[in-house]
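Listing of my_file.cif, mmCIF, C-alpha atoms
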```cif
data_work
#
loop_
_atom_site.label_atom_id
_atom_site.label_comp_id
_atom_site.auth_asym_id
_atom_site.auth_seq_id
_atom_site.Cartn_x
_atom_site.Cartn_y
_atom_site.Cartn_z
CA MET A 7 -9.31 17.06 15.71
CA LEU A 8 -8.84 13.31 16.04
CA PHE A 9 -8.71 13.06 12.27
CA THR A 10 -5.91 15.65 12.13
CA ILE A 11 -3.84 13.72 14.67
CA LEU A 12 -4.36 10.46 12.78
CA ALA A 13 -3.53 12.11 9.45
CA ILE A 14 -0.29 13.55 10.84
CA LEU A 15 0.61 10.13 12.30
CA THR A 16 -0.06 8.39 8.98
CA VAL A 17 1.85 10.87 6.85
CA ALA A 18 4.78 10.90 9.29
CA GLY A 19 4.91 7.10 9.16
CA ALA A 20 4.83 7.10 5.36
CA VAL A 21 7.54 9.76 5.05
CA ALA A 22 9.72 7.91 7.55
CA ALA A 23 9.18 4.60 5.73
CA MET A 24 10.34 6.15 2.49
CA SER A 25 13.33 8.03 3.91
CA PHE A 26 14.96 5.74 6.51
CA ARG A 27 18.20 4.13 5.39
CA ASN A 28 17.80 0.98 7.46
CA LEU A 29 15.17 -1.21 5.80
CA VAL A 30 13.95 -2.74 9.08
CA HIS A 31 13.31 0.73 10.50
CA SER A 32 11.42 1.66 7.39
CA VAL A 33 9.12 -1.37 7.76
CA LEU A 34 8.45 -0.34 11.37
CA ALA A 35 7.50 3.14 10.15
CA LEU A 36 5.32 1.53 7.47
CA THR A 37 3.34 -0.36 10.13
CA LEU A 38 2.81 2.99 11.88
CA ALA A 39 1.34 4.41 8.66
CA PHE A 40 -0.88 1.32 8.20
CA ALA A 41 -2.11 1.57 11.80
CA GLY A 42 -2.91 5.24 11.34
CA LEU A 43 -4.89 4.43 8.19
CA ALA A 44 -6.79 1.69 10.06
CA MET A 45 -7.75 4.24 12.72
CA VAL A 46 -8.92 6.63 9.98
CA TYR A 47 -11.12 3.83 8.57
CA LEU A 48 -12.56 3.15 12.04
CA GLN A 49 -13.23 6.85 12.50
CA LEU A 50 -15.01 7.01 9.14
CA GLY A 51 -17.38 4.23 10.25
CA ALA A 52 -15.92 1.34 8.23
CA GLN A 53 -15.18 -1.03 11.10
CA PHE A 54 -14.74 -4.12 8.95
CA ILE A 55 -12.21 -2.40 6.67
CA GLY A 56 -10.33 -1.03 9.66
CA PHE A 57 -9.88 -4.45 11.22
CA ALA A 58 -9.12 -6.03 7.84
CA GLN A 59 -6.45 -3.38 7.35
CA ILE A 60 -4.87 -4.28 10.71
CA LEU A 61 -5.02 -8.03 9.99
CA VAL A 62 -3.88 -7.99 6.37
CA TYR A 63 -1.38 -5.13 6.29
CA ILE A 64 0.12 -5.06 9.78
CA GLY A 65 -0.29 -8.79 10.35
CA ALA A 66 0.63 -10.19 6.94
CA VAL A 67 2.19 -7.73 4.50
CA ALA A 68 4.60 -6.16 7.02
CA ILE A 69 5.74 -9.60 8.21
CA LEU A 70 6.17 -10.69 4.59
CA ILE A 71 8.35 -7.64 3.86
CA VAL A 72 10.44 -8.34 6.99
CA PHE A 73 11.00 -11.91 5.78
CA ALA A 74 12.04 -10.65 2.34
CA ILE A 75 14.49 -8.21 3.98
CA LEU A 76 15.99 -10.99 6.10
CA LEU A 77 16.30 -13.32 3.10
CA THR A 78 18.11 -10.64 1.09
CA ARG A 79 20.14 -9.63 4.10
CA ASP A 80 23.67 -8.87 2.91
CA ALA A 81 22.49 -6.90 -0.12
CA GLY A 82 23.04 -3.63 1.71
CA THR A 83 20.31 -3.48 4.32
CA THR A 84 21.58 0.00 5.07
CA SER A 85 21.30 1.24 1.51
CA LYS A 86 23.36 4.38 2.11
CA SER A 87 25.31 4.24 -1.11
CA ALA A 88 22.20 3.50 -3.16
CA LEU A 89 20.39 6.57 -1.82
CA ASN A 90 23.38 8.84 -2.35
CA ALA A 91 23.96 7.55 -5.86
CA SER A 92 20.35 8.10 -6.85
CA ALA A 93 20.07 11.48 -5.15
CA SER A 94 23.12 12.79 -6.93
CA ASN A 95 21.97 11.94 -10.45
CA SER A 96 19.06 13.60 -12.19
CA SER A 97 16.57 10.72 -11.98
CA GLY A 98 16.27 11.14 -8.19
CA TRP A 99 15.29 14.78 -8.51
CA GLY A 100 13.03 13.92 -11.46
CA GLY A 101 11.08 11.44 -9.33
CA GLY A 102 10.59 13.98 -6.56
CA VAL A 103 9.45 16.65 -9.02
CA VAL A 104 6.96 14.22 -10.62
CA ALA A 105 5.52 13.32 -7.19
CA VAL A 106 5.12 16.96 -6.19
CA ALA A 107 3.48 17.75 -9.54
CA VAL A 108 1.02 14.85 -9.10
CA PHE A 109 0.15 16.05 -5.60
CA ALA A 110 -0.33 19.63 -6.81
CA ALA A 111 -2.61 18.49 -9.64
CA MET A 112 -4.75 16.36 -7.31
CA ALA A 113 -4.96 19.06 -4.63
CA TRP A 114 -5.97 21.65 -7.22
CA ALA A 115 -8.56 19.30 -8.73
CA PHE A 116 -10.48 18.59 -5.56
CA HIS A 117 -10.05 22.11 -4.24
CA ALA A 118 -11.78 23.36 -7.36
CA SER A 119 -14.59 20.81 -7.30
CA ALA A 120 -17.82 21.51 -5.47
CA ALA A 121 -18.21 17.95 -4.19
CA SER A 122 -15.44 18.37 -1.63
CA GLN A 123 -17.47 20.91 0.33
CA ARG A 124 -20.17 18.33 1.11
CA ALA A 125 -21.05 18.19 4.78
CA LEU A 126 -20.73 15.01 6.81
CA PRO A 127 -23.89 12.92 6.23
CA ALA A 128 -25.45 10.72 8.86
CA GLN A 129 -23.44 7.68 9.91
CA PRO A 130 -24.28 4.91 7.42
CA GLU A 131 -24.97 1.43 8.64
CA ALA A 132 -22.21 -1.03 7.71
CA THR A 133 -22.77 -3.91 10.07
CA MET A 134 -20.97 -7.21 9.66
CA GLN A 135 -24.27 -8.86 8.76
CA GLN A 136 -24.89 -6.49 5.86
CA ILE A 137 -21.36 -6.97 4.53
CA GLY A 138 -21.71 -10.76 4.82
CA ASN A 139 -25.06 -10.70 3.02
CA ALA A 140 -23.65 -8.57 0.22
CA LEU A 141 -20.59 -10.79 -0.13
CA MET A 142 -22.63 -13.98 -0.24
CA LEU A 143 -25.50 -12.76 -2.46
CA GLN A 144 -24.74 -9.77 -4.63
CA PHE A 145 -20.94 -10.09 -4.79
CA ALA A 146 -20.62 -13.87 -4.71
CA LEU A 147 -18.95 -14.13 -8.13
CA PRO A 148 -16.28 -11.45 -7.41
CA LEU A 149 -15.58 -13.20 -4.10
CA GLU A 150 -14.95 -16.49 -5.87
CA VAL A 151 -12.76 -14.75 -8.46
CA ILE A 152 -10.68 -13.07 -5.74
CA GLY A 153 -10.30 -16.42 -3.99
CA LEU A 154 -9.04 -18.01 -7.22
CA LEU A 155 -6.70 -15.06 -7.78
CA LEU A 156 -5.24 -15.37 -4.26
CA THR A 157 -4.72 -19.12 -4.65
CA ALA A 158 -3.04 -18.72 -8.03
CA ALA A 159 -0.89 -15.82 -6.80
CA LEU A 160 0.32 -17.67 -3.70
CA ILE A 161 1.11 -20.86 -5.65
CA GLY A 162 2.93 -18.70 -8.20
CA ALA A 163 4.86 -16.90 -5.45
CA VAL A 164 5.98 -20.19 -3.91
CA THR A 165 6.98 -21.51 -7.35
CA ILE A 166 9.00 -18.39 -8.15
CA ALA A 167 10.75 -18.23 -4.78
CA MET A 168 11.37 -21.98 -4.49
CA HIS A 169 15.01 -23.02 -4.67
CA ASP A 170 15.72 -24.43 -8.12
CA ARG A 171 18.14 -27.31 -7.48
CA GLN A 172 18.76 -28.31 -11.09
CA GLU A 173 19.90 -24.84 -12.03
CA THR A 174 22.34 -24.31 -9.21
CA ARG A 175 24.21 -27.58 -9.61
CA MET B 10 -12.74 18.72 10.36
CA SER B 11 -13.21 15.27 8.92
CA SER B 12 -14.74 16.40 5.68
CA LEU B 13 -14.39 14.84 2.27
CA SER B 14 -11.67 17.25 1.20
CA SER B 15 -9.46 16.46 4.20
CA CYS B 16 -9.76 12.73 3.49
CA LEU B 17 -8.84 13.35 -0.14
CA LEU B 18 -5.92 15.53 0.92
CA LEU B 19 -4.57 12.78 3.18
CA SER B 20 -5.01 10.27 0.37
CA ALA B 21 -3.23 12.52 -2.16
CA LEU B 22 -0.35 13.03 0.29
CA LEU B 23 0.01 9.29 0.83
CA PHE B 24 -0.08 8.65 -2.92
CA SER B 25 2.57 11.30 -3.61
CA ILE B 26 4.84 10.00 -0.84
CA GLY B 27 4.53 6.47 -2.22
CA LEU B 28 5.15 7.68 -5.77
CA ALA B 29 8.22 9.67 -4.73
CA GLY B 30 9.58 6.67 -2.83
CA ALA B 31 8.95 4.28 -5.71
CA LEU B 32 10.66 6.63 -8.17
CA VAL B 33 13.60 7.85 -6.07
CA ARG B 34 14.67 4.89 -3.93
CA ARG B 35 16.74 2.24 -5.68
CA ASN B 36 16.12 -0.71 -3.36
CA ALA B 37 13.52 -3.09 -4.81
CA ILE B 38 11.86 -3.72 -1.43
CA LEU B 39 11.45 0.02 -0.83
CA VAL B 40 9.93 0.41 -4.29
CA LEU B 41 7.40 -2.29 -3.33
CA ILE B 42 6.65 -0.44 -0.06
CA GLY B 43 5.98 2.70 -2.11
CA ILE B 44 3.53 0.78 -4.31
CA GLU B 45 1.76 -0.53 -1.18
CA LEU B 46 1.40 3.06 0.08
CA MET B 47 -0.16 4.11 -3.23
CA LEU B 48 -2.66 1.21 -3.07
CA ASN B 49 -3.57 2.23 0.48
CA ALA B 50 -4.21 5.78 -0.72
CA ALA B 51 -6.64 4.38 -3.30
CA ASN B 52 -8.41 2.36 -0.57
CA LEU B 53 -8.78 5.50 1.54
CA ASN B 54 -10.40 7.22 -1.45
CA PHE B 55 -12.92 4.37 -1.82
CA ILE B 56 -13.85 4.60 1.87
CA ALA B 57 -14.05 8.40 1.81
CA PHE B 58 -16.35 8.48 -1.22
CA TRP B 59 -18.48 5.69 0.29
CA ARG B 60 -18.84 7.66 3.54
CA PHE B 61 -19.63 11.02 1.92
CA GLY B 62 -21.36 9.73 -1.18
CA PRO B 63 -25.10 9.90 -1.84
CA ASN B 64 -25.92 6.21 -1.42
CA PRO B 65 -23.87 4.67 1.42
CA GLU B 66 -26.30 1.86 2.27
CA ALA B 67 -25.37 0.05 -0.97
CA LEU B 68 -21.95 -0.73 0.61
CA THR B 69 -20.18 -0.65 -2.77
CA GLY B 70 -17.20 1.34 -1.45
CA VAL B 71 -16.63 -1.07 1.44
CA LEU B 72 -16.83 -4.14 -0.79
CA PHE B 73 -14.57 -2.59 -3.43
CA THR B 74 -12.03 -1.95 -0.68
CA VAL B 75 -12.28 -5.58 0.48
CA PHE B 76 -11.46 -6.80 -3.02
CA SER B 77 -8.74 -4.16 -3.42
CA ILE B 78 -7.06 -5.34 -0.20
CA GLY B 79 -7.16 -8.91 -1.54
CA VAL B 80 -5.54 -7.93 -4.84
CA ALA B 81 -2.91 -5.87 -2.99
CA ALA B 82 -2.04 -8.87 -0.78
CA ALA B 83 -1.58 -11.08 -3.86
CA GLU B 84 0.57 -8.38 -5.47
CA ALA B 85 2.78 -8.10 -2.38
CA ALA B 86 3.30 -11.86 -2.21
CA VAL B 87 4.25 -12.18 -5.89
CA GLY B 88 6.42 -9.05 -5.80
CA LEU B 89 8.42 -10.21 -2.79
CA ALA B 90 8.85 -13.68 -4.32
CA LEU B 91 10.22 -12.01 -7.47
CA ILE B 92 12.63 -9.92 -5.38
CA ILE B 93 13.88 -13.04 -3.55
CA SER B 94 14.32 -14.86 -6.88
CA LEU B 95 16.15 -11.83 -8.33
CA TYR B 96 18.42 -11.69 -5.29
CA ARG B 97 19.28 -15.35 -5.73
CA HIS B 98 20.42 -14.73 -9.31
CA VAL B 99 22.24 -11.39 -9.17
CA LYS B 100 23.00 -11.14 -5.40
CA THR B 101 21.63 -7.64 -5.09
CA THR B 102 18.34 -5.80 -4.58
CA ASN B 103 19.65 -2.52 -5.95
CA LEU B 104 17.65 -1.84 -9.10
CA ASP B 105 20.47 0.13 -10.76
CA GLN B 106 22.69 -2.95 -10.74
CA VAL B 107 20.06 -5.17 -12.42
CA ASP B 108 20.86 -4.04 -15.96
CA SER B 109 21.73 -7.27 -17.77
CA MET B 110 18.96 -6.66 -20.34
CA ARG B 111 20.05 -3.08 -21.08
CA GLY B 112 20.69 -2.64 -24.79
#
```
For this file, write the structure as C-alpha coordinates.
Amino acid sequence: MLFTILAILTVAGAVAAMSFRNLVHSVLALTLAFAGLAMVYLQLGAQFIGFAQILVYIGAVAILIVFAILLTRDAGTTSKSALNASASNSSGWGGGVVAVAVFAAMAWAFHASAASQRALPAQPEATMQQIGNALMLQFALPLEVIGLLLTAALIGAVTIAMHDRQETR
Amino acid sequence: MSSLSSCLLLSALLFSIGLAGALVRRNAILVLIGIELMLNAANLNFIAFWRFGPNPEALTGVLFTVFSIGVAAAEAAVGLALIISLYRHVKTTNLDQVDSMRG
(Lines of atoms letter the chains of each structure in order from A and count residues from 1; the text may use other names and numbers.)
(Lines give C-alpha, C1' and ligand atoms only; values in the text may rest on other atoms or scores of the structure.)
Protein backbone atom coordinates (compact mmCIF):
# COMPACT_ATOMS: atom_id res chain seq x y z
CA MET A 1 0.00 0.00 0.00
CA LEU A 2 2.76 2.41 0.96
CA PHE A 3 4.66 1.37 -2.15
CA THR A 4 1.64 2.21 -4.33
CA ILE A 5 1.36 5.69 -2.82
CA LEU A 6 5.08 6.32 -3.30
CA ALA A 7 4.96 5.01 -6.87
CA ILE A 8 2.04 7.30 -7.74
CA LEU A 9 3.88 10.25 -6.15
CA THR A 10 7.06 9.50 -8.11
CA VAL A 11 5.34 9.02 -11.45
CA ALA A 12 3.21 12.14 -10.94
CA GLY A 13 6.34 14.15 -10.18
CA ALA A 14 8.11 12.82 -13.26
CA VAL A 15 5.15 13.49 -15.56
CA ALA A 16 4.78 17.00 -14.16
CA ALA A 17 8.52 17.66 -14.56
CA MET A 18 8.34 16.70 -18.21
CA SER A 19 5.12 18.58 -19.03
CA PHE A 20 5.25 21.91 -17.15
CA ARG A 21 5.99 24.92 -19.32
CA ASN A 22 7.77 26.91 -16.64
CA LEU A 23 11.23 25.40 -16.12
CA VAL A 24 11.40 26.31 -12.42
CA HIS A 25 8.12 24.51 -11.78
CA SER A 26 9.41 21.50 -13.61
CA VAL A 27 12.52 21.36 -11.39
CA LEU A 28 10.25 21.51 -8.32
CA ALA A 29 8.27 18.56 -9.70
CA LEU A 30 11.56 16.77 -10.40
CA THR A 31 12.56 17.07 -6.73
CA LEU A 32 9.19 15.51 -5.85
CA ALA A 33 10.00 12.55 -8.11
CA PHE A 34 13.50 12.23 -6.59
CA ALA A 35 12.07 12.33 -3.05
CA GLY A 36 9.53 9.65 -3.94
CA LEU A 37 12.32 7.45 -5.32
CA ALA A 38 14.36 7.99 -2.14
CA MET A 39 11.37 6.81 -0.08
CA VAL A 40 11.06 3.74 -2.33
CA TYR A 41 14.75 2.96 -1.68
CA LEU A 42 14.21 3.34 2.08
CA GLN A 43 11.19 1.07 1.88
CA LEU A 44 13.20 -1.55 -0.02
CA GLY A 45 15.78 -1.62 2.79
CA ALA A 46 18.59 0.34 1.10
CA GLN A 47 18.97 3.10 3.68
CA PHE A 48 22.34 4.31 2.45
CA ILE A 49 21.11 4.66 -1.15
CA GLY A 50 17.98 6.44 0.01
CA PHE A 51 19.92 9.08 1.91
CA ALA A 52 22.51 9.36 -0.86
CA GLN A 53 19.65 9.95 -3.29
CA ILE A 54 18.32 12.78 -1.10
CA LEU A 55 21.77 14.35 -0.68
CA VAL A 56 23.01 14.02 -4.26
CA TYR A 57 19.84 14.50 -6.31
CA ILE A 58 17.68 16.82 -4.21
CA GLY A 59 20.63 18.60 -2.61
CA ALA A 60 23.02 18.90 -5.54
CA VAL A 61 21.59 18.06 -8.96
CA ALA A 62 18.33 19.99 -8.50
CA ILE A 63 20.22 23.06 -7.25
CA LEU A 64 22.63 22.75 -10.19
CA ILE A 65 19.71 22.66 -12.65
CA VAL A 66 18.15 25.72 -10.97
CA PHE A 67 21.45 27.59 -11.36
CA ALA A 68 21.63 26.61 -15.04
CA ILE A 69 18.04 27.85 -15.54
CA LEU A 70 18.84 31.16 -13.87
CA LEU A 71 22.03 31.60 -15.92
CA THR A 72 20.13 30.98 -19.16
CA ARG A 73 17.24 33.08 -17.97
CA ASP A 74 15.95 35.08 -20.94
CA ALA A 75 16.12 32.13 -23.32
CA GLY A 76 12.41 31.49 -22.91
CA THR A 77 12.02 30.13 -19.40
CA THR A 78 8.38 29.60 -20.29
CA SER A 79 9.09 27.55 -23.39
CA LYS A 80 5.53 27.77 -24.72
CA SER A 81 6.46 28.30 -28.32
CA ALA A 82 9.06 25.54 -28.25
CA LEU A 83 6.54 22.99 -26.99
CA ASN A 84 3.90 24.01 -29.50
CA ALA A 85 6.37 23.95 -32.38
CA SER A 86 7.60 20.48 -31.48
CA ALA A 87 4.14 19.09 -30.78
CA SER A 88 2.84 20.24 -34.13
CA ASN A 89 5.53 18.58 -36.23
CA SER A 90 5.96 14.86 -36.59
CA SER A 91 9.08 14.43 -34.43
CA GLY A 92 7.10 15.25 -31.27
CA TRP A 93 4.59 12.50 -31.93
CA GLY A 94 7.41 10.17 -32.99
CA GLY A 95 9.14 10.61 -29.63
CA GLY A 96 5.95 9.85 -27.72
CA VAL A 97 5.27 6.75 -29.84
CA VAL A 98 8.84 5.50 -29.28
CA ALA A 99 8.51 5.97 -25.50
CA VAL A 100 5.19 4.12 -25.37
CA ALA A 101 6.63 1.30 -27.49
CA VAL A 102 9.65 0.99 -25.16
CA PHE A 103 7.36 0.86 -22.13
CA ALA A 104 5.13 -1.77 -23.76
CA ALA A 105 8.14 -3.93 -24.66
CA MET A 106 9.55 -3.74 -21.12
CA ALA A 107 6.18 -4.40 -19.47
CA TRP A 108 5.58 -7.39 -21.73
CA ALA A 109 9.08 -8.74 -21.07
CA PHE A 110 8.86 -8.83 -17.31
CA HIS A 111 5.23 -9.86 -17.31
CA ALA A 112 6.21 -12.91 -19.31
CA SER A 113 9.23 -13.80 -17.19
CA ALA A 114 8.92 -16.10 -14.21
CA ALA A 115 11.39 -14.16 -12.08
CA SER A 116 8.94 -11.32 -11.49
CA GLN A 117 6.64 -13.58 -9.47
CA ARG A 118 9.32 -14.13 -6.81
CA ALA A 119 8.06 -13.52 -3.30
CA LEU A 120 9.64 -10.96 -1.00
CA PRO A 121 12.69 -12.58 0.65
CA ALA A 122 13.83 -11.80 4.16
CA GLN A 123 15.16 -8.30 4.74
CA PRO A 124 18.86 -8.37 3.81
CA GLU A 125 21.41 -6.73 6.03
CA ALA A 126 22.91 -3.59 4.47
CA THR A 127 24.39 -1.77 7.40
CA MET A 128 26.68 1.22 6.97
CA GLN A 129 29.56 -0.85 8.32
CA GLN A 130 29.16 -3.53 5.66
CA ILE A 131 28.96 -0.94 2.88
CA GLY A 132 32.05 0.83 4.23
CA ASN A 133 33.96 -2.45 4.45
CA ALA A 134 33.02 -3.37 0.90
CA LEU A 135 33.97 0.07 -0.41
CA MET A 136 37.33 0.06 1.33
CA LEU A 137 38.32 -3.58 0.67
CA GLN A 138 36.59 -5.24 -2.24
CA PHE A 139 35.64 -2.13 -4.24
CA ALA A 140 38.60 0.09 -3.40
CA LEU A 141 39.80 0.40 -7.00
CA PRO A 142 36.37 1.37 -8.44
CA LEU A 143 36.06 3.94 -5.63
CA GLU A 144 39.36 5.53 -6.60
CA VAL A 145 38.36 5.50 -10.28
CA ILE A 146 35.04 7.19 -9.51
CA GLY A 147 36.86 9.81 -7.43
CA LEU A 148 39.21 10.53 -10.34
CA LEU A 149 36.25 10.68 -12.73
CA LEU A 150 34.40 13.17 -10.50
CA THR A 151 37.48 15.37 -10.15
CA ALA A 152 38.13 15.37 -13.89
CA ALA A 153 34.46 15.98 -14.70
CA LEU A 154 34.14 18.93 -12.30
CA ILE A 155 37.39 20.54 -13.52
CA GLY A 156 36.16 20.02 -17.09
CA ALA A 157 32.77 21.53 -16.25
CA VAL A 158 34.39 24.63 -14.74
CA THR A 159 36.70 24.94 -17.75
CA ILE A 160 33.82 24.67 -20.21
CA ALA A 161 31.55 27.10 -18.37
CA MET A 162 34.29 29.61 -17.52
CA HIS A 163 33.99 32.96 -19.26
CA ASP A 164 36.49 33.09 -22.12
CA ARG A 165 37.74 36.70 -22.11
CA GLN A 166 39.99 36.49 -25.15
CA GLU A 167 37.19 35.29 -27.37
CA THR A 168 34.64 37.89 -26.42
CA ARG A 169 36.87 40.92 -26.89
CA MET B 1 2.25 -5.35 -3.07
CA SER B 2 5.90 -4.44 -3.16
CA SER B 3 6.97 -7.32 -5.33
CA LEU B 4 9.70 -7.38 -7.93
CA SER B 5 7.28 -6.82 -10.80
CA SER B 6 5.80 -3.67 -9.26
CA CYS B 7 9.30 -2.23 -8.76
CA LEU B 8 10.14 -3.03 -12.37
CA LEU B 9 6.87 -1.49 -13.54
CA LEU B 10 7.64 1.74 -11.68
CA SER B 11 11.14 1.75 -13.15
CA ALA B 12 9.83 1.15 -16.70
CA LEU B 13 7.32 3.98 -16.27
CA LEU B 14 10.02 6.37 -15.09
CA PHE B 15 12.29 5.38 -17.97
CA SER B 16 9.53 5.88 -20.55
CA ILE B 17 8.56 9.27 -19.10
CA GLY B 18 12.19 10.37 -19.20
CA LEU B 19 12.62 9.05 -22.74
CA ALA B 20 9.46 10.80 -23.95
CA GLY B 21 10.59 14.05 -22.33
CA ALA B 22 14.09 13.82 -23.79
CA LEU B 23 12.70 13.14 -27.27
CA VAL B 24 9.74 15.54 -27.34
CA ARG B 25 10.84 18.62 -25.39
CA ARG B 26 13.10 21.02 -27.23
CA ASN B 27 14.68 22.83 -24.27
CA ALA B 28 18.18 21.51 -23.55
CA ILE B 29 17.72 21.65 -19.77
CA LEU B 30 14.51 19.61 -19.99
CA VAL B 31 16.29 17.04 -22.16
CA LEU B 32 18.92 16.76 -19.42
CA ILE B 33 16.17 16.32 -16.80
CA GLY B 34 14.75 13.49 -18.92
CA ILE B 35 18.16 11.80 -19.01
CA GLU B 36 18.41 12.12 -15.20
CA LEU B 37 15.02 10.41 -14.87
CA MET B 38 16.20 7.54 -17.06
CA LEU B 39 19.35 7.10 -14.94
CA ASN B 40 17.20 7.04 -11.80
CA ALA B 41 15.05 4.31 -13.34
CA ALA B 42 18.21 2.25 -13.88
CA ASN B 43 19.22 2.80 -10.24
CA LEU B 44 15.80 1.60 -9.08
CA ASN B 45 16.31 -1.56 -11.15
CA PHE B 46 19.67 -2.21 -9.45
CA ILE B 47 18.11 -1.83 -6.00
CA ALA B 48 15.08 -3.96 -6.89
CA PHE B 49 17.19 -6.83 -8.23
CA TRP B 50 19.50 -6.58 -5.21
CA ARG B 51 16.53 -6.78 -2.84
CA PHE B 52 14.78 -9.67 -4.60
CA GLY B 53 17.84 -11.42 -5.96
CA PRO B 54 19.27 -14.68 -4.64
CA ASN B 55 22.39 -13.30 -2.96
CA PRO B 56 21.66 -9.93 -1.29
CA GLU B 57 24.41 -10.12 1.35
CA ALA B 58 27.06 -9.55 -1.34
CA LEU B 59 25.82 -5.92 -1.59
CA THR B 60 26.70 -5.69 -5.29
CA GLY B 61 23.45 -3.92 -6.22
CA VAL B 62 23.91 -1.27 -3.54
CA LEU B 63 27.52 -0.59 -4.51
CA PHE B 64 26.69 -0.48 -8.22
CA THR B 65 24.04 2.12 -7.41
CA VAL B 66 26.58 4.17 -5.42
CA PHE B 67 28.90 4.27 -8.43
CA SER B 68 25.99 4.93 -10.79
CA ILE B 69 24.92 7.95 -8.71
CA GLY B 70 28.50 9.25 -8.88
CA VAL B 71 28.65 8.92 -12.67
CA ALA B 72 25.22 10.56 -12.99
CA ALA B 73 26.38 13.52 -10.87
CA ALA B 74 29.45 13.99 -13.10
CA GLU B 75 27.23 13.77 -16.19
CA ALA B 76 24.84 16.40 -14.84
CA ALA B 77 27.68 18.81 -14.03
CA VAL B 78 29.30 18.49 -17.47
CA GLY B 79 25.95 18.63 -19.27
CA LEU B 80 24.84 21.81 -17.53
CA ALA B 81 28.25 23.41 -18.15
CA LEU B 82 27.85 22.59 -21.85
CA ILE B 83 24.36 24.12 -21.87
CA ILE B 84 25.66 27.33 -20.24
CA SER B 85 28.53 27.49 -22.75
CA LEU B 86 26.08 26.90 -25.63
CA TYR B 87 23.80 29.64 -24.32
CA ARG B 88 26.73 32.04 -24.21
CA HIS B 89 27.46 31.43 -27.90
CA VAL B 90 24.03 31.20 -29.53
CA LYS B 91 21.84 32.94 -26.87
CA THR B 92 19.29 30.16 -26.79
CA THR B 93 18.67 26.79 -25.15
CA ASN B 94 16.15 25.68 -27.76
CA LEU B 95 17.72 22.70 -29.51
CA ASP B 96 15.90 23.36 -32.79
CA GLN B 97 17.66 26.70 -33.16
CA VAL B 98 21.14 25.20 -32.64
CA ASP B 99 21.56 24.07 -36.25
CA SER B 100 24.75 25.81 -37.38
CA MET B 101 26.37 22.44 -38.24
CA ARG B 102 23.40 21.22 -40.29
CA GLY B 103 24.51 20.26 -43.78
TODO: Quick one: apply the PyMOL selection byres ((chain B) within 7 of (chain A)) to the file and drop the selected residues here as JSON, numbers by chain.
DONE: {"B": [10, 11, 12, 13, 14, 18, 19, 21, 22, 23, 25, 26, 28, 29, 30, 32, 33, 34, 35, 60, 61, 65, 66, 71, 75, 76, 79, 82, 83, 85, 86, 87, 89, 90, 91, 93, 94, 96, 100, 101, 102]}
- [ ] Work out how far apart CA of Gly62 (chain B) and CA of Gly43 (chain B) are and give it in Å to one decimal.
- [x]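 Atom-to-atom, CA of Gly62 (chain B) and CA of Gly43 (chain B) are spaced 28.2 Å apart.
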- [ ] To one decimal in Å, tell me the separation between CA of Asn103 (chain B) and CA of Ala37 (chain B).
- [x]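 Rounded to one decimal, the two atoms are 6.3 Å apart.
CA of Ala57 (chain B) to CA of Asn139 (chain A) spans 22.1 Å [interatomic distance, one decimal].
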If the box runs along x, y and z of the file and leaves 4 Å on each side of region 39-48 of chain A, what are its centre and edge lengths in Å, one decimal, as AutoDock Vina command-line options?
```
--center_x -5.6 --center_y 4.0 --center_z 10.5 --size_x 21.9 --size_y 13.3 --size_z 12.5
```
TODO: Go through A:Ala120, A:Leu61, A:Met45, A:Leu143 one by one, measure the shortest atom-to-atom distance of each to Ile11 (chain A) using all atoms listed in the file, and give the residue with the smallest value.
DONE: A:Met45
Task: Residue nearest Leu46 (chain B) among B:Arg111, B:His98, B:Phe73, B:Phe24 (counting all atoms listed in the file) - done: B:Phe24
Task: Residue with smallest distance to Gln144 (chain A) - pool B:Thr69, B:Val99, B:Ala81, B:Gly112, counting all atoms listed in the file - done: B:Thr69
TODO: Just the residues within 7 Å of Phe55 (chain B), please, counting only C-alpha atoms, with nothing from its chain fewer than 4 positions along; format it as number ranges by chain.
DONE: B: 51, 59, 70, 74
